[in-house]
file upload_7.tsv (TSV, C-alpha atoms and all ligand atoms)
chain	number	residue	atom	x	y	z
A	874	MET	CA	113.59	108.72	157.56
A	875	SER	CA	117.25	109.51	157.07
A	876	ARG	CA	118.58	105.97	157.13
A	877	ALA	CA	119.39	104.57	153.69
A	878	LEU	CA	119.56	100.91	152.88
A	879	ILE	CA	122.90	99.27	153.45
A	880	THR	CA	122.87	96.27	151.16
A	881	SER	CA	125.28	93.49	151.74
A	882	GLN	CA	125.99	90.65	149.43
A	883	VAL	CA	127.25	88.47	152.26
A	884	ASP	CA	125.09	85.41	152.70
A	885	ARG	CA	125.37	84.38	156.34
A	886	SER	CA	123.35	81.19	155.92
A	887	ALA	CA	125.14	78.15	157.27
A	888	THR	CA	127.12	76.06	154.80
A	889	LEU	CA	125.89	72.49	155.02
A	890	GLU	CA	128.44	69.94	156.18
A	891	PRO	CA	128.16	66.14	156.01
A	892	ALA	CA	127.44	64.53	159.38
A	893	GLY	CA	130.43	62.61	160.76
A	894	GLU	CA	130.54	59.14	162.30
A	895	ILE	CA	128.49	58.75	165.46
A	896	GLY	CA	130.92	58.37	168.39
A	897	PRO	CA	130.18	56.73	171.76
A	898	ASP	CA	129.71	60.11	173.49
A	899	SER	CA	127.26	61.42	170.92
A	900	LEU	CA	123.73	62.08	172.11
A	901	ALA	CA	120.67	62.43	169.87
A	902	VAL	CA	118.09	64.99	170.98
A	903	GLU	CA	114.69	65.45	169.33
A	904	CYS	CA	114.22	69.22	169.19
A	905	SER	CA	111.19	71.06	170.48
A	906	ALA	CA	109.38	73.48	168.15
A	907	ARG	CA	111.09	76.39	169.90
A	908	GLN	CA	114.53	74.83	169.57
A	909	LEU	CA	113.90	74.21	165.87
A	910	ALA	CA	112.84	77.82	165.42
A	911	ASP	CA	116.07	79.01	167.08
A	912	LEU	CA	118.08	76.62	164.89
A	913	GLU	CA	116.40	78.00	161.81
A	914	MET	CA	117.15	81.58	162.84
A	915	LEU	CA	120.80	80.67	163.48
A	916	ALA	CA	121.14	78.66	160.25
A	917	THR	CA	119.83	81.46	158.04
A	918	GLY	CA	121.85	84.21	159.71
A	919	ALA	CA	118.68	85.86	160.97
A	920	TYR	CA	120.27	86.19	164.42
A	921	ALA	CA	123.69	87.31	163.13
A	922	PRO	CA	126.12	88.04	164.75
A	923	VAL	CA	124.86	85.22	167.00
A	924	MET	CA	125.66	82.10	164.96
A	925	THR	CA	125.44	79.36	167.59
A	926	PHE	CA	123.76	78.72	170.94
A	927	MET	CA	125.29	80.98	173.56
A	928	GLY	CA	127.81	79.97	176.20
A	929	GLN	CA	127.93	81.23	179.77
A	930	ASP	CA	129.75	84.53	179.19
A	931	ASP	CA	127.34	85.65	176.48
A	932	TRP	CA	124.36	84.36	178.48
A	933	ARG	CA	125.35	86.27	181.62
A	934	SER	CA	126.21	89.48	179.81
A	935	CYS	CA	123.01	89.31	177.78
A	936	VAL	CA	120.82	88.74	180.83
A	937	GLU	CA	122.52	91.41	182.95
A	938	SER	CA	123.27	94.13	180.42
A	939	MET	CA	121.50	93.32	177.13
A	940	ARG	CA	124.87	92.82	175.45
A	941	LEU	CA	126.96	89.90	174.28
A	942	ALA	CA	130.24	89.38	176.13
A	943	ASP	CA	132.03	91.39	173.39
A	944	GLY	CA	129.71	94.37	174.02
A	945	THR	CA	127.38	93.91	171.03
A	946	LEU	CA	123.79	94.94	171.77
A	947	TRP	CA	121.71	91.76	172.21
A	948	PRO	CA	118.62	91.52	174.43
A	949	ILE	CA	117.59	87.84	174.72
A	950	PRO	CA	119.70	84.73	175.36
A	951	ILE	CA	119.64	82.22	172.52
A	952	THR	CA	120.55	79.07	174.38
A	953	LEU	CA	120.15	75.34	173.99
A	954	GLN	CA	118.44	74.23	177.20
A	955	LEU	CA	118.23	70.53	178.00
A	956	SER	CA	117.45	68.47	181.03
A	957	ALA	CA	120.72	67.80	182.94
A	958	SER	CA	119.57	64.27	183.76
A	959	ALA	CA	119.32	63.48	180.04
A	960	VAL	CA	122.83	64.66	179.15
A	961	PRO	CA	125.64	62.46	180.57
A	962	ALA	CA	128.73	64.42	181.69
A	963	SER	CA	130.80	62.65	179.01
A	964	THR	CA	128.62	63.93	176.15
A	965	SER	CA	130.92	65.44	173.53
A	966	GLU	CA	128.41	66.11	170.78
A	967	ILE	CA	124.67	66.55	170.50
A	968	ARG	CA	122.86	65.50	167.37
A	969	LEU	CA	119.90	67.84	166.97
A	970	MET	CA	117.03	66.00	165.31
A	971	SER	CA	113.72	67.03	163.81
A	972	HIS	CA	111.23	64.17	163.49
A	973	GLY	CA	114.15	61.72	163.34
A	974	ARG	CA	116.06	63.77	160.74
A	975	HIS	CA	119.56	64.84	161.74
A	976	ILE	CA	119.58	68.63	161.27
A	977	ALA	CA	122.67	69.83	163.08
A	978	THR	CA	125.46	68.78	165.43
A	979	LEU	CA	126.64	70.74	168.45
A	980	ALA	CA	130.26	69.96	169.40
A	981	VAL	CA	129.92	70.48	173.15
A	982	SER	CA	132.62	72.75	174.55
A	983	GLU	CA	130.71	74.15	177.50
A	984	ARG	CA	127.87	73.22	179.83
A	985	PHE	CA	126.48	75.27	182.70
A	986	THR	CA	123.46	75.63	184.93
A	987	PRO	CA	121.77	78.98	184.24
A	988	ASP	CA	119.90	80.86	186.94
A	989	LEU	CA	116.55	80.74	185.13
A	990	HIS	CA	114.82	82.80	187.79
A	991	ARG	CA	117.31	85.60	187.19
A	992	GLU	CA	116.92	85.24	183.43
A	993	ALA	CA	113.15	85.51	183.78
A	994	GLU	CA	113.35	88.58	186.03
A	995	MET	CA	115.81	90.40	183.79
A	996	VAL	CA	114.60	89.41	180.33
A	997	TYR	CA	110.84	89.07	180.90
A	998	ALA	CA	110.61	91.47	183.87
A	999	THR	CA	108.69	88.79	185.77
A	1000	SER	CA	109.32	85.34	187.17
A	1001	SER	CA	105.64	84.41	187.03
A	1002	ARG	CA	104.71	81.13	185.38
A	1003	GLU	CA	101.56	82.88	184.17
A	1004	HIS	CA	103.78	84.46	181.54
A	1005	PRO	CA	103.95	82.04	178.57
A	1006	GLY	CA	107.56	82.93	177.74
A	1007	VAL	CA	108.67	82.41	181.34
A	1008	ALA	CA	106.76	79.13	181.58
A	1009	ALA	CA	108.51	77.92	178.41
A	1010	LEU	CA	111.88	79.04	179.80
A	1011	TYR	CA	111.39	77.06	183.03
A	1012	GLU	CA	110.19	73.99	181.16
A	1013	ALA	CA	112.98	73.94	178.56
A	1014	GLY	CA	115.58	72.40	180.89
A	1015	ASP	CA	118.00	73.20	183.71
A	1016	LEU	CA	121.21	72.74	181.68
A	1017	VAL	CA	122.65	74.89	178.90
A	1018	VAL	CA	125.10	73.44	176.41
A	1019	SER	CA	127.13	75.38	173.90
A	1020	GLY	CA	129.83	74.88	171.31
A	1021	ARG	CA	130.37	74.88	167.56
A	1022	LEU	CA	127.26	74.21	165.55
A	1023	SER	CA	127.39	72.50	162.17
A	1024	PHE	CA	124.34	72.08	159.97
A	1025	HIS	CA	123.59	69.04	157.80
A	1026	ALA	CA	120.15	70.13	156.61
A	1027	LEU	CA	118.43	73.49	156.75
A	1028	PRO	CA	115.51	73.48	159.13
A	1029	ARG	CA	112.56	75.03	157.30
A	1030	SER	CA	109.37	75.93	159.09
A	1031	PHE	CA	107.34	77.01	156.10
A	1032	ALA	CA	106.92	75.75	152.56
A	1033	GLY	CA	106.07	78.26	149.90
A	1034	PRO	CA	107.39	81.25	147.97
A	1035	GLU	CA	107.07	83.45	151.06
A	1036	TYR	CA	110.05	81.68	152.59
A	1037	LEU	CA	113.02	84.00	152.18
A	1038	THR	CA	116.26	83.89	154.14
A	1039	PRO	CA	117.74	87.22	155.22
A	1040	PHE	CA	120.08	87.11	152.20
A	1041	GLU	CA	117.25	86.32	149.79
A	1042	THR	CA	115.19	89.11	151.31
A	1043	ARG	CA	117.98	91.63	150.84
A	1044	LEU	CA	118.34	90.54	147.22
A	1045	ALA	CA	114.58	90.91	146.69
A	1046	VAL	CA	114.73	94.40	148.16
A	1047	GLU	CA	117.64	95.29	145.91
A	1048	GLN	CA	115.83	93.98	142.83
A	1049	ARG	CA	112.89	96.22	143.64
A	1050	GLY	CA	115.21	99.19	143.92
A	1051	TRP	CA	113.98	100.16	147.37
A	1052	ARG	CA	116.31	102.45	149.32
A	1053	THR	CA	114.23	102.41	152.47
A	1054	VAL	CA	112.37	99.37	153.79
A	1055	VAL	CA	110.15	99.32	156.83
A	1056	GLY	CA	109.68	95.99	158.60
A	1057	PHE	CA	106.46	94.92	160.29
A	1058	GLN	CA	106.36	92.09	162.82
A	1059	THR	CA	103.08	90.41	163.66
A	1060	ARG	CA	101.69	87.29	165.24
A	1061	ASN	CA	98.04	88.24	165.28
A	1062	PRO	CA	95.26	88.00	162.71
A	1063	VAL	CA	95.54	91.21	160.76
A	1064	HIS	CA	93.07	93.96	161.72
A	1065	ARG	CA	92.38	97.46	160.52
A	1066	ALA	CA	94.83	99.10	162.95
A	1067	HIS	CA	97.62	96.96	161.48
A	1068	GLU	CA	96.57	98.05	158.01
A	1069	TYR	CA	96.60	101.68	159.13
A	1070	LEU	CA	100.18	101.31	160.39
A	1071	HIS	CA	101.23	99.69	157.10
A	1072	LYS	CA	99.62	102.37	154.99
A	1073	VAL	CA	101.08	105.26	156.97
A	1074	ALA	CA	104.49	103.59	156.60
A	1075	LEU	CA	103.94	103.14	152.86
A	1076	GLU	CA	103.40	106.89	152.57
A	1077	LEU	CA	106.88	107.44	153.98
A	1078	PHE	CA	109.12	104.62	152.79
A	1079	ASP	CA	109.92	102.86	149.51
A	1080	GLY	CA	108.87	99.39	150.56
A	1081	LEU	CA	107.15	97.45	153.34
A	1082	LEU	CA	108.39	94.05	154.51
A	1083	LEU	CA	105.34	92.32	155.98
A	1084	HIS	CA	106.95	89.74	158.17
A	1085	PRO	CA	104.49	87.58	160.10
A	1086	LEU	CA	106.10	85.35	162.65
A	1087	VAL	CA	105.50	81.66	161.89
A	1088	GLY	CA	107.41	79.96	164.72
A	1089	GLU	CA	105.68	78.62	167.81
A	1090	THR	CA	103.19	80.88	169.56
A	1091	LYS	CA	100.89	80.31	172.53
A	1092	SER	CA	98.08	77.89	171.87
A	1093	ASP	CA	95.24	80.41	171.55
A	1094	ASP	CA	97.00	82.43	168.82
A	1095	ILE	CA	95.87	81.64	165.26
A	1096	SER	CA	98.00	79.20	163.29
A	1097	ALA	CA	100.83	80.43	161.07
A	1098	GLU	CA	99.10	79.01	158.02
A	1099	VAL	CA	95.95	81.07	158.67
A	1100	ARG	CA	98.04	84.12	159.53
A	1101	MET	CA	99.61	83.90	156.08
A	1102	ARG	CA	96.30	83.25	154.29
A	1103	VAL	CA	94.71	86.37	155.71
A	1104	TYR	CA	97.73	88.44	154.77
A	1105	LYS	CA	97.58	87.21	151.19
A	1106	ALA	CA	93.87	88.04	151.00
A	1107	LEU	CA	94.56	91.53	152.29
A	1108	LEU	CA	97.46	92.13	149.91
A	1109	ASP	CA	95.53	90.90	146.89
A	1110	ASN	CA	92.69	93.31	147.57
A	1111	TYR	CA	94.00	96.40	149.32
A	1112	TYR	CA	97.75	96.91	148.85
A	1113	PRO	CA	99.96	98.09	145.98
A	1114	GLN	CA	101.64	94.76	145.22
A	1115	GLU	CA	104.89	96.25	143.95
A	1116	ARG	CA	105.54	98.12	147.19
A	1117	VAL	CA	105.05	95.23	149.62
A	1118	LEU	CA	107.07	92.09	150.21
A	1119	LEU	CA	105.33	89.36	152.21
A	1120	ALA	CA	107.69	86.82	153.75
A	1121	VAL	CA	107.72	84.66	156.86
A	1122	TYR	CA	109.77	85.25	160.01
A	1123	PRO	CA	110.59	81.79	161.39
A	1124	ALA	CA	111.22	82.75	165.03
A	1125	ALA	CA	109.17	81.47	167.95
A	1126	MET	CA	107.34	84.05	170.03
A	1127	ARG	CA	108.74	84.70	173.51
A	1128	TYR	CA	106.31	87.47	174.55
A	1129	ALA	CA	109.20	89.29	176.22
A	1130	GLY	CA	107.78	92.73	175.41
A	1131	PRO	CA	110.49	95.43	175.21
A	1132	ARG	CA	113.46	93.08	175.01
A	1133	GLU	CA	111.76	91.06	172.29
A	1134	ALA	CA	110.96	94.25	170.39
A	1135	LEU	CA	114.69	94.95	170.38
A	1136	LEU	CA	115.42	91.41	169.18
A	1137	HIS	CA	112.82	91.83	166.43
A	1138	ALA	CA	114.41	95.08	165.29
A	1139	LEU	CA	118.01	93.78	165.31
A	1140	SER	CA	116.97	90.68	163.39
A	1141	ARG	CA	115.01	92.70	160.80
A	1142	LYS	CA	118.21	94.61	160.13
A	1143	ASN	CA	119.64	91.31	158.89
A	1144	TYR	CA	116.64	91.06	156.57
A	1145	GLY	CA	117.56	94.41	155.02
A	1146	CYS	CA	115.13	96.67	156.85
A	1147	THR	CA	116.18	100.28	157.39
A	1148	HIS	CA	113.17	100.99	159.62
A	1149	PHE	CA	110.99	98.95	161.95
A	1150	ILE	CA	107.48	99.55	163.27
A	1151	VAL	CA	106.86	99.43	167.01
A	1152	GLY	CA	103.31	100.19	168.06
A	1153	ARG	CA	101.56	99.64	171.34
A	1154	ASP	CA	102.57	96.75	173.61
A	1155	HIS	CA	104.85	95.24	170.98
A	1156	ALA	CA	105.46	91.51	171.69
A	1157	GLY	CA	103.63	91.87	174.98
A	1158	VAL	CA	101.16	89.53	176.61
A	1159	GLY	CA	98.43	90.15	179.19
A	1160	ASP	CA	99.28	93.10	181.43
A	1161	PHE	CA	102.95	92.27	181.89
A	1162	TYR	CA	104.28	95.36	180.08
A	1163	GLY	CA	103.30	98.99	179.82
A	1164	THR	CA	101.61	100.08	176.58
A	1165	TYR	CA	104.72	101.94	175.42
A	1166	ALA	CA	107.41	100.03	177.35
A	1167	ALA	CA	109.01	98.78	174.13
A	1168	GLN	CA	109.19	102.27	172.68
A	1169	GLU	CA	110.69	103.54	175.94
A	1170	LEU	CA	113.46	100.94	175.75
A	1171	PHE	CA	114.39	102.21	172.27
A	1172	ASP	CA	114.51	105.76	173.67
A	1173	LYS	CA	117.49	104.65	175.79
A	1174	ILE	CA	119.47	103.12	172.92
A	1175	ASP	CA	121.85	105.10	170.72
A	1176	PRO	CA	120.25	105.03	167.24
A	1177	ASP	CA	123.65	104.70	165.56
A	1178	GLU	CA	124.43	101.62	167.60
A	1179	LEU	CA	120.97	100.20	166.91
A	1180	GLY	CA	121.45	100.68	163.15
A	1181	ILE	CA	117.74	100.58	162.31
A	1182	ASP	CA	115.26	103.39	162.85
A	1183	ILE	CA	112.21	102.73	164.99
A	1184	ILE	CA	108.89	104.02	163.69
A	1185	ARG	CA	106.70	104.50	166.73
A	1186	PHE	CA	102.93	104.36	166.62
A	1187	GLU	CA	100.44	105.29	169.31
A	1188	HIS	CA	97.53	103.08	170.15
A	1189	SER	CA	95.28	103.17	167.07
A	1190	PHE	CA	91.53	102.58	167.05
A	1191	TYR	CA	88.55	102.91	164.76
A	1192	CYS	CA	86.73	106.18	165.35
A	1193	THR	CA	83.04	106.00	164.54
A	1194	ARG	CA	82.86	109.81	164.10
A	1195	CYS	CA	85.93	110.05	161.86
A	1196	GLU	CA	84.85	106.81	160.15
A	1197	HIS	CA	88.39	105.58	159.89
A	1198	VAL	CA	91.31	104.32	161.93
A	1199	ALA	CA	93.12	107.01	163.88
A	1200	SER	CA	95.05	107.65	167.05
A	1201	LYS	CA	94.91	110.41	169.64
A	1202	ARG	CA	97.39	112.29	167.49
A	1203	THR	CA	94.87	112.57	164.66
A	1204	CYS	CA	91.41	112.22	166.21
A	1205	PRO	CA	89.71	114.80	168.49
A	1206	HIS	CA	86.77	112.64	169.59
A	1207	ASP	CA	86.38	111.06	172.99
A	1208	SER	CA	86.84	107.39	173.74
A	1209	SER	CA	83.10	106.60	173.60
A	1210	GLN	CA	83.47	106.96	169.81
A	1211	HIS	CA	86.47	104.67	169.67
A	1212	LEU	CA	86.56	100.97	168.91
A	1213	ALA	CA	89.71	99.34	170.30
A	1214	LEU	CA	91.33	97.04	167.76
A	1215	SER	CA	93.48	94.19	169.00
A	1216	GLY	CA	94.28	90.58	168.22
A	1217	THR	CA	92.83	89.58	171.58
A	1218	LYS	CA	89.53	91.29	170.77
A	1219	VAL	CA	89.44	89.74	167.29
A	1220	ARG	CA	90.00	86.28	168.78
A	1221	SER	CA	87.33	86.70	171.44
A	1222	LEU	CA	84.71	87.81	168.88
A	1223	LEU	CA	85.54	84.82	166.69
A	1224	VAL	CA	85.36	82.39	169.60
A	1225	GLU	CA	81.86	83.72	170.36
A	1226	GLY	CA	80.91	82.97	166.74
A	1227	GLU	CA	80.42	86.63	165.86
A	1228	THR	CA	81.17	88.03	162.43
A	1229	LEU	CA	83.95	90.57	162.57
A	1230	PRO	CA	82.54	94.01	161.77
A	1231	ALA	CA	84.02	95.97	158.85
A	1232	GLU	CA	85.56	98.41	161.35
A	1233	PHE	CA	87.68	95.53	162.64
A	1234	SER	CA	88.63	93.54	159.58
A	1235	ARG	CA	88.27	93.60	155.84
A	1236	PRO	CA	85.50	91.20	154.71
A	1237	GLU	CA	88.00	88.94	152.89
A	1238	VAL	CA	89.95	88.58	156.13
A	1239	ALA	CA	86.83	88.16	158.28
A	1240	ALA	CA	85.58	85.36	156.01
A	1241	ILE	CA	88.81	83.34	156.34
A	1242	LEU	CA	88.90	83.80	160.10
A	1243	ALA	CA	85.22	82.93	160.55
A	1244	GLU	CA	85.72	79.73	158.56
A	1245	GLU	CA	88.75	78.86	160.67
A	1246	TYR	CA	86.92	79.35	163.97
A	1247	ARG	CA	83.82	77.51	162.81
B	1	LIG	P1	102.97	91.31	168.42
B	1	LIG	O1	103.53	92.68	168.71
B	1	LIG	O2	102.94	90.45	169.62
B	1	LIG	O3	103.54	90.68	167.18
B	1	LIG	P2	100.62	92.19	166.93
B	1	LIG	O4	100.68	91.25	165.79
B	1	LIG	O5	99.25	92.54	167.39
B	1	LIG	O6	101.39	91.56	168.15
B	1	LIG	O7	101.35	93.54	166.63
B	1	LIG	C1	102.16	93.80	165.53
B	1	LIG	C2	102.66	95.24	165.59
B	1	LIG	O8	101.54	96.13	165.47
B	1	LIG	C3	103.36	95.65	166.88
B	1	LIG	O9	104.34	96.60	166.62
B	1	LIG	C4	102.24	96.28	167.70
B	1	LIG	O10	102.75	97.20	168.62
B	1	LIG	C5	101.45	96.98	166.60
B	1	LIG	N1	100.01	97.15	166.93
B	1	LIG	C6	99.07	96.17	166.97
B	1	LIG	N2	97.83	96.68	167.22
B	1	LIG	C7	98.01	98.02	167.35
B	1	LIG	C8	97.12	99.12	167.61
B	1	LIG	N3	95.81	98.96	167.80
B	1	LIG	N4	97.68	100.37	167.69
B	1	LIG	C9	98.99	100.58	167.49
B	1	LIG	N5	99.87	99.59	167.24
B	1	LIG	C10	99.40	98.33	167.16
call {"tool": "encode", "arguments": {"input": "upload_7.tsv", "output": "structure tokens"}}
result
Amino acid sequence: MSRALITSQVDRSATLEPAGEIGPDSLAVECSARQLADLEMLATGAYAPVMTFMGQDDWRSCVESMRLADGTLWPIPITLQLSASAVPASTSEIRLMSHGRHIATLAVSERFTPDLHREAEMVYATSSREHPGVAALYEAGDLVVSGRLSFHALPRSFAGPEYLTPFETRLAVEQRGWRTVVGFQTRNPVHRAHEYLHKVALELFDGLLLHPLVGETKSDDISAEVRMRVYKALLDNYYPQERVLLAVYPAAMRYAGPREALLHALSRKNYGCTHFIVGRDHAGVGDFYGTYAAQELFDKIDPDELGIDIIRFEHSFYCTRCEHVASKRTCPHDSSQHLALSGTKVRSLLVEGETLPAEFSRPEVAAILAEEYR
């Protein structure tokens, strides 16, 4: 709770440059949803100090030691992967397109073949294709290209007032006069355990940045649009409006567990957060990571180097005896009284056509989700 907000007036969003003439060695590439999400994070400064797709030195250092080549803490490679067969050796620039619109140009200064198996083992702690992040890594292409990136249009994944760049978010925080801001990452339909985490945090800090991820997720996750609708319904009915800022986080989900938790925290620092919530199995999928593996990774990192304080939460559940959400730290009853709350459980109830009980979700949230699944 000691960390105070360090506001910075520096806007690290990319300055737009006009696109130059198209030379003979220029290649147009239609970006995937994940590539667009990375572009958006780079363009807005959300991944600062990483401002372009990584070259080999940064890639290797990041994979092997969770640091950029200059020693800066950084857990996940941000690379532009393409299929080698689609990129002639003479290619000097890559025009990155979104639905035919020229978004950015990469002046190619480096190309290399990454060891994707090694990247999977080190970053995702598995090389199994059953892992959605690993499957996406293998499918994205066997060649990595890097160089200077110039933007001609800002990629924007979400239309609406909840779209705030890191700079705009820091300004909004400043306007509200918050000295401490706790960030909350989520990709799941909001449930009562999430709300519990938010409310505990609101007891301790000036403001809460609710930051649902709206980039690509695996196909059985709810859509970003619905994720935002349920959050608005919850805020309108159950939260003190002036203490919460709801904004979108444009990244794609990698499901890399601990390393992704670290990426989430570092990036939220760019958005002005002084604190960041990490609960159970943060950014995990299936049984690939231990319940508290993400928290354990943070235990090994010097808090001063990290620059954002991690607020750890134990697995939280609804206790039918206590009649509220609790964790083992606050509830004495045995597990037969406990209702586990998770996005997976919420999704499976909805798929079966069941109404979400009040212990799981607020009725306003349950109604939107039921309509969506119907
Ligand atoms: P993800 O971590 O993949 O974004 P969620 O949206 O479910 O998935 O989680 C958002 C945050 O809430 C994470 O920090 C996660 O650890 C935490 N969390 C989710 N459910 C619980 C729970 N029942 N108990 C404690 N923490 C939880």
call {"tool": "residues_near_ligand", "arguments": {"input": "upload_7.tsv", "ligand": "ligand LIG 1 (chain B)", "cutoff": "9 Å", "atoms": "all atoms listed in the file", "output": "PyMOL selection string"}}
result
chain A and resi 1057-1067+1069-1070+1085-1086+1126+1128+1130+1134+1149-1158+1164-1165+1167+1185-1191+1199-1200+1213-1217
call {"tool": "closest_atom_pairs", "arguments": {"input": "upload_7.tsv", "of": "stretch 927-958 of chain A", "to": "stretch 1003-1022 of chain A", "cutoff": "6 Å", "atoms": "only C-alpha atoms", "output": "Markdown table"}}
result
| residue | atom | partner | partner_atom | distance |
| --- | --- | --- | --- | --- |
| A:Met927 | CA | A:Ser1019 | CA | 5.9 |
| A:Gly928 | CA | A:Ser1019 | CA | 5.2 |
| A:Leu953 | CA | A:Val1017 | CA | 5.5 |
| A:Gln954 | CA | A:Val1017 | CA | 4.6 |
| A:Leu955 | CA | A:Gly1014 | CA | 4.3 |
| A:Ser956 | CA | A:Gly1014 | CA | 4.4 |
| A:Ala957 | CA | A:Leu1016 | CA | 5.1 |
call {"tool": "write_last_selection", "arguments": {"input": "upload_7.tsv", "atoms": "C-alpha atoms", "output": "mmCIF file, in the coordinates of the input"}}
result
data_model
loop_
_atom_site.group_PDB
_atom_site.id
_atom_site.type_symbol
_atom_site.label_atom_id
_atom_site.label_comp_id
_atom_site.auth_asym_id
_atom_site.auth_seq_id
_atom_site.Cartn_x
_atom_site.Cartn_y
_atom_site.Cartn_z
ATOM 1 C CA MET A 927 125.290 80.980 173.560
ATOM 2 C CA GLY A 928 127.810 79.970 176.200
ATOM 3 C CA LEU A 953 120.150 75.340 173.990
ATOM 4 C CA GLN A 954 118.440 74.230 177.200
ATOM 5 C CA LEU A 955 118.230 70.530 178.000
ATOM 6 C CA SER A 956 117.450 68.470 181.030
ATOM 7 C CA ALA A 957 120.720 67.800 182.940
#
call {"tool": "closest_residue", "arguments": {"input": "upload_7.tsv", "among": "A:Lys1105, A:Gly1226, A:Val1087, A:Ala998", "to": "A:Tyr1162", "atoms": "only C-alpha atoms"}}
result
A:Ala998
call {"tool": "closest_residue", "arguments": {"input": "upload_7.tsv", "among": "A:Leu1082, A:Ala1097, A:Val1103, A:Leu1037", "to": "A:Ala919", "atoms": "only C-alpha atoms"}}
result
A:Leu1037
call {"tool": "closest_residue", "arguments": {"input": "upload_7.tsv", "among": "A:Glu1098, A:Glu1178, A:Asp988, A:Glu1076", "to": "A:Thr945", "atoms": "only C-alpha atoms"}}
result
A:Glu1178
call {"tool": "residues_near_point", "arguments": {"input": "upload_7.tsv", "point": "(81.1, 106.8, 166.5)", "cutoff": "6 Å", "atoms": "only C-alpha atoms", "output": "PDB file with C-alpha atoms, keeping the file's coordinate frame"}}
result
ATOM      1  CA  CYS A1192      86.730 106.180 165.350  1.00  0.00           C
ATOM      2  CA  THR A1193      83.040 106.000 164.540  1.00  0.00           C
ATOM      3  CA  ARG A1194      82.860 109.810 164.100  1.00  0.00           C
ATOM      4  CA  GLN A1210      83.470 106.960 169.810  1.00  0.00           C
TER       5      GLN A1210
END
call {"tool": "residues_around", "arguments": {"input": "upload_7.tsv", "residues": "stretch 937-943 of chain A", "least_positions_apart": "4", "cutoff": "10 Å", "atoms": "all atoms listed in the file", "output": "ChimeraX atom specification"}}
result
/A:922-923,927-933,947-950,991-992,995-996,1132,1135
call {"tool": "write_last_selection", "arguments": {"input": "upload_7.tsv", "atoms": "C-alpha atoms", "output": "PDB file, keeping the file's coordinate frame"}}
result
ATOM      1  CA  PRO A 922     126.120  88.040 164.750  1.00  0.00           C
ATOM      2  CA  VAL A 923     124.860  85.220 167.000  1.00  0.00           C
ATOM      3  CA  MET A 927     125.290  80.980 173.560  1.00  0.00           C
ATOM      4  CA  GLY A 928     127.810  79.970 176.200  1.00  0.00           C
ATOM      5  CA  GLN A 929     127.930  81.230 179.770  1.00  0.00           C
ATOM      6  CA  ASP A 930     129.750  84.530 179.190  1.00  0.00           C
ATOM      7  CA  ASP A 931     127.340  85.650 176.480  1.00  0.00           C
ATOM      8  CA  TRP A 932     124.360  84.360 178.480  1.00  0.00           C
ATOM      9  CA  ARG A 933     125.350  86.270 181.620  1.00  0.00           C
ATOM     10  CA  TRP A 947     121.710  91.760 172.210  1.00  0.00           C
ATOM     11  CA  PRO A 948     118.620  91.520 174.430  1.00  0.00           C
ATOM     12  CA  ILE A 949     117.590  87.840 174.720  1.00  0.00           C
ATOM     13  CA  PRO A 950     119.700  84.730 175.360  1.00  0.00           C
ATOM     14  CA  ARG A 991     117.310  85.600 187.190  1.00  0.00           C
ATOM     15  CA  GLU A 992     116.920  85.240 183.430  1.00  0.00           C
ATOM     16  CA  MET A 995     115.810  90.400 183.790  1.00  0.00           C
ATOM     17  CA  VAL A 996     114.600  89.410 180.330  1.00  0.00           C
ATOM     18  CA  ARG A1132     113.460  93.080 175.010  1.00  0.00           C
ATOM     19  CA  LEU A1135     114.690  94.950 170.380  1.00  0.00           C
TER      20      LEU A1135
END
call {"tool": "residues_around", "arguments": {"input": "upload_7.tsv", "residues": "A:Glu1245", "least_positions_apart": "6", "cutoff": "10 Å", "atoms": "all atoms listed in the file", "output": "tab-separated table (two decimals) with C-alpha atoms, in the coordinates of the input"}}
result
chain	number	residue	atom	x	y	z
A	1095	ILE	CA	95.87	81.64	165.26
A	1096	SER	CA	98.00	79.20	163.29
A	1099	VAL	CA	95.95	81.07	158.67
A	1223	LEU	CA	85.54	84.82	166.69
A	1239	ALA	CA	86.83	88.16	158.28
call {"tool": "atom_distance", "arguments": {"input": "upload_7.tsv", "atom1": "atom CA of A:Ala892", "atom2": "atom CA of A:Thr978"}}
result
7.7 Å
call {"tool": "residues_near_point", "arguments": {"input": "upload_7.tsv", "point": "(112.8, 98.2, 145.3)", "cutoff": "10 Å", "atoms": "all atoms listed in the file", "output": "list in words"}}
result
Leu1044, Ala1045, Val1046, Glu1047, Gln1048, Arg1049, Gly1050, Trp1051, Arg1052, Thr1053, Val1054, Asp1079, Gly1080, Leu1081, Glu1115, Arg1116, Val1117 and Leu1118 of chain A
call {"tool": "atom_distance", "arguments": {"input": "upload_7.tsv", "atom1": "atom CA of A:Thr1228", "atom2": "atom CA of A:Met1101"}}
result
19.9 Å
call {"tool": "closest_residue", "arguments": {"input": "upload_7.tsv", "among": "A:Glu1232, A:Ser1030, A:Thr1038, A:Pro1176", "to": "A:Cys1195", "atoms": "only C-alpha atoms"}}
result
A:Glu1232
call {"tool": "atom_distance", "arguments": {"input": "upload_7.tsv", "atom1": "atom CA of A:Gly1145", "atom2": "atom CA of A:Thr888"}}
result
20.7 Å
call {"tool": "residues_around", "arguments": {"input": "upload_7.tsv", "residues": "A:Thr925", "least_positions_apart": "4", "cutoff": "10 Å", "atoms": "only C-alpha atoms", "output": "ChimeraX atom specification"}}
result
/A:911-912,914-916,918,920-921,951-953,979,1019-1023
